[in-house]
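Visitor: Quick one: structure below, then a few questions.
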Amino acid sequence: MPTLPFRRLCAVLSALCLALGAVVLPPAPSAQAETLIGAEAAKRKINLAGRQRMLSQRMAMLACMADSDVQTENALARAEAAHGLFDRTLRGLRFGDEELGLPVETRPEVLDSLALVDELWGGYGQAVSLYVDRGRSATLRAIHARNPAVLAKMNASVGVMERLYGEGLIAPELATALNIAGRQRMLIMKALKEACMVGRGIAPEEDRKALLSTVALFSSSLYKLRAGNAWDGIIPPPTFEVDMQLELVQAIWDWMDPILREIAEGGPVETEQLSRLLYHGEVALREMNQAVTLYESG
């Protein structure tokens with residue numbers, strides 16, 4: 001019976017092993033992630049992850065407004081709705097949610113960053129739920145203490161998404177614009193929260209200092225979004241519609257800015273004043289969210 005020469009036999013076996021390996025080996029994690037998450041889904045994830053930052057501050061702000069007798073029942077209902085939306089979106093960002101337009105996340109770095117948020121969400125979410133149910137000022141103190149850490153971890157997670165999704169899925173400058181524009185929604189809620197918390201007297205000087213910083217960051221970021229800023233990688237408005245939407249936000253903010261600065265610099269906090277700020281803040285949030293939607297769809 002004829003036999004293959006030894007060297008030829010080795011070559012045939014090596015080729016066979018390579019062929020089998022090509023069949024059974026799974027795709028590399030990065031290739032798999034890019035297959036599951038396309039450009040539109042990447043923009044959606046940055047948008048909704050950015051919205052989580054806003055919701056973290058919205059819950060605290062509305063609980064504080066209720067504690068300050070500002071639209072109490074309405075504020076509590078909206079705080080409860082924000083709690084439910086935050087919880088659902090956090091799960092959707094990790095495990096997928098078809099109705100929210102969120103595919104399952106596969107990138108380990110993104111999943112790790114969201115897991116850190118989830119660890120903090122348990123305690124913070126419980127504090128919000130307790131306040132909605134019972135309305136105790138002691139619970140408001142827990143909300144005041146816990147919400148900065150949730151915001152910090154959620155902000156870090158958005159940064160991870162901006163960096164990773166901007167490496168081939170979408171243009172890096174668009175990822176940055178989505179992040180910064182999305183952050184503006186959070187800053188509106190954070191400013192209202194800090195102004196309200198000054199009046200509750202939990203840590204008034206700390207909240208005044210934070211408010212001054214928040215107002216300054218919103219104002220400078222809005223200017224950069226409207227004009228563009230190459231140093232920070234922020235593109236000018238990509239469409240006429242975005243430009244007009246940001247101008248509308250500017251008009252509302254021009255009313256809010258001096259009142260917030262006055263509180264930050266030591267002015268009193270009055271119920272009627274908070275009620276007006278809450279009204280304008282809700283309008284500003286709605287219009288800023290529309291701007292983010294325009295960035296996402298562009």
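By order in the structure tokens, chains are A, B, ...; within a chain, residues start at 1; ligands start at 1, following the order shown.
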Just the residues within 8 Å of Ile263 (chain A), please, counting only C-alpha atoms, with nothing from its chain fewer than 4 positions along; format it as a PyMOL selection string.
Guide: chain A and resi 195+208+259+267-269
Visitor: Could you please take those selected residues and save C-alpha atoms as an mmCIF file, in the first residue's frame?
Guide:
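And here's again-v6.cif as it stands now:
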```
data_model
loop_
_atom_site.group_PDB
_atom_site.id
_atom_site.type_symbol
_atom_site.label_atom_id
_atom_site.label_comp_id
_atom_site.auth_asym_id
_atom_site.auth_seq_id
_atom_site.Cartn_x
_atom_site.Cartn_y
_atom_site.Cartn_z
ATOM 1 C CA ALA A 195 -30.561 75.391 44.197
ATOM 2 C CA ARG A 208 -23.934 76.756 46.662
ATOM 3 C CA ILE A 259 -31.455 83.513 39.348
ATOM 4 C CA GLY A 267 -29.131 84.684 47.885
ATOM 5 C CA PRO A 268 -32.276 83.313 49.562
ATOM 6 C CA VAL A 269 -34.252 80.332 48.270
#
```
Visitor: Excluding Gly298 (chain A) and its own-chain neighbours fewer than 4 positions away, which residues fall within 8 Å of it when counting only C-alpha atoms? Please give them as a PyMOL selection string.
Guide: chain A and resi 238-239+294
Visitor: I'd like the neighbourhood of Leu169 (chain A) as a list in words, where a residue qualifies if any of its atoms comes within 10 Å (using only C-alpha atoms), though same-chain residues fewer than 6 positions away should be ignored.
Guide: Glu34, Ile37, Gly38, Ala39, Glu40, Ala41, Ala42, Lys43 and Ala175 of chain A
Visitor: Name the closest residue to Ala181 (chain A) among the candidates A:Gly101, A:Gly168, A:Gly228, A:Pro258; distances are taken between atoms, counting only C-alpha atoms.
Guide: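 The answer is A:Gly228, which sits nearest to Ala181 (chain A).
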Visitor: Please provide the set of residues having any atom within 10 Å of Arg276 (chain A), restricted to only C-alpha atoms, with same-chain residues fewer than 4 positions apart removed, written as a VMD selection string.
Guide: chain A and resid 70 256 271 to 272 280 to 281
Visitor: Considering only C-alpha atoms, return as a compact mmCIF listing (two decimals) with C-alpha atoms, in the first residue's frame whatever protein or nucleic-acid residues lie within 8 Å of Leu225 (chain A), sequence-local ones (same chain, fewer than 5 positions apart) excluded.
Guide:
```txt
# COMPACT_ATOMS: atom_id res chain seq x y z
CA ALA A 177 -21.09 66.12 20.54
CA ILE A 180 -21.64 66.93 25.67
CA ALA A 181 -25.14 67.77 24.43
CA ILE A 234 -16.74 69.75 19.69
CA ILE A 235 -18.12 70.31 16.20
CA PRO A 236 -20.35 73.30 15.34
CA PRO A 237 -24.06 72.47 14.90
CA LEU A 246 -29.62 75.30 20.70
```
Visitor: Counting only C-alpha atoms, which residue out of A:Leu278, A:Val242, A:Leu248, A:Val160 sits closest to Ala291 (chain A)?
Guide: A:Val242
Visitor: When you count only C-alpha atoms, which of these residues is closest to Cys64 (chain A): A:Glu194, A:Asp133, A:Asp97, A:Asp112?
Guide: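 Smallest distance to Cys64 (chain A) is found for A:Glu194.
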Visitor: I need the residue nearest His83 (chain A) from this list: A:Ser129, A:Ser157, A:Asn147, A:Ser213. Use only C-alpha atoms for the distance.
Guide: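 Of A:Ser129, A:Ser157, A:Asn147, A:Ser213, the one nearest His83 (chain A) is A:Ser129, counting only C-alpha atoms.
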Visitor: Report the residues of region 63-253 of chain A whose backbone DSSP state falls under strand (DSSP E or B), written as a list of chain:residue names.
Guide: A:Asp97, A:Leu102, A:Asn229, A:Ile234
Visitor: Just N, CA and C atoms for this one: save the residues we selected as a CSV table (one decimal), in the first residue's frame.
Guide:
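What landed in selection.csv:
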```csv
chain,number,residue,atom,x,y,z
A,97,ASP,N,-32.9,46.1,25.1
A,97,ASP,CA,-34.3,46.4,25.3
A,97,ASP,C,-34.7,46.9,23.9
A,102,LEU,N,-32.2,49.4,22.2
A,102,LEU,CA,-30.9,49.0,22.8
A,102,LEU,C,-30.6,47.5,22.5
A,229,ASN,N,-15.8,74.0,19.1
A,229,ASN,CA,-14.5,74.2,19.8
A,229,ASN,C,-13.6,73.0,19.5
A,234,ILE,N,-15.3,69.5,19.8
A,234,ILE,CA,-16.7,69.7,19.7
A,234,ILE,C,-17.0,70.4,18.3
```
Visitor: Which is closer to Leu187 (chain A) than all the others in A:Met154, A:Ala115, A:Gln52, A:Leu217, using only C-alpha atoms?
Guide: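 Closest to Leu187 (chain A), using only C-alpha atoms: A:Leu217.
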Visitor: Could you list, as a list in words, every residue within 9 Å of Met65 (chain A), counting only C-alpha atoms and ignoring same-chain residues fewer than 2 positions away?
Guide: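 The neighbour list is Ala60, Met61, Leu62, Ala63, Asp67, Ser68, Asp69, Val70, Gln71, Thr72, Ala75, Leu76, Lys193, Cys196, Met197, Thr271, Leu274, Ser275 and Leu278 of chain A.
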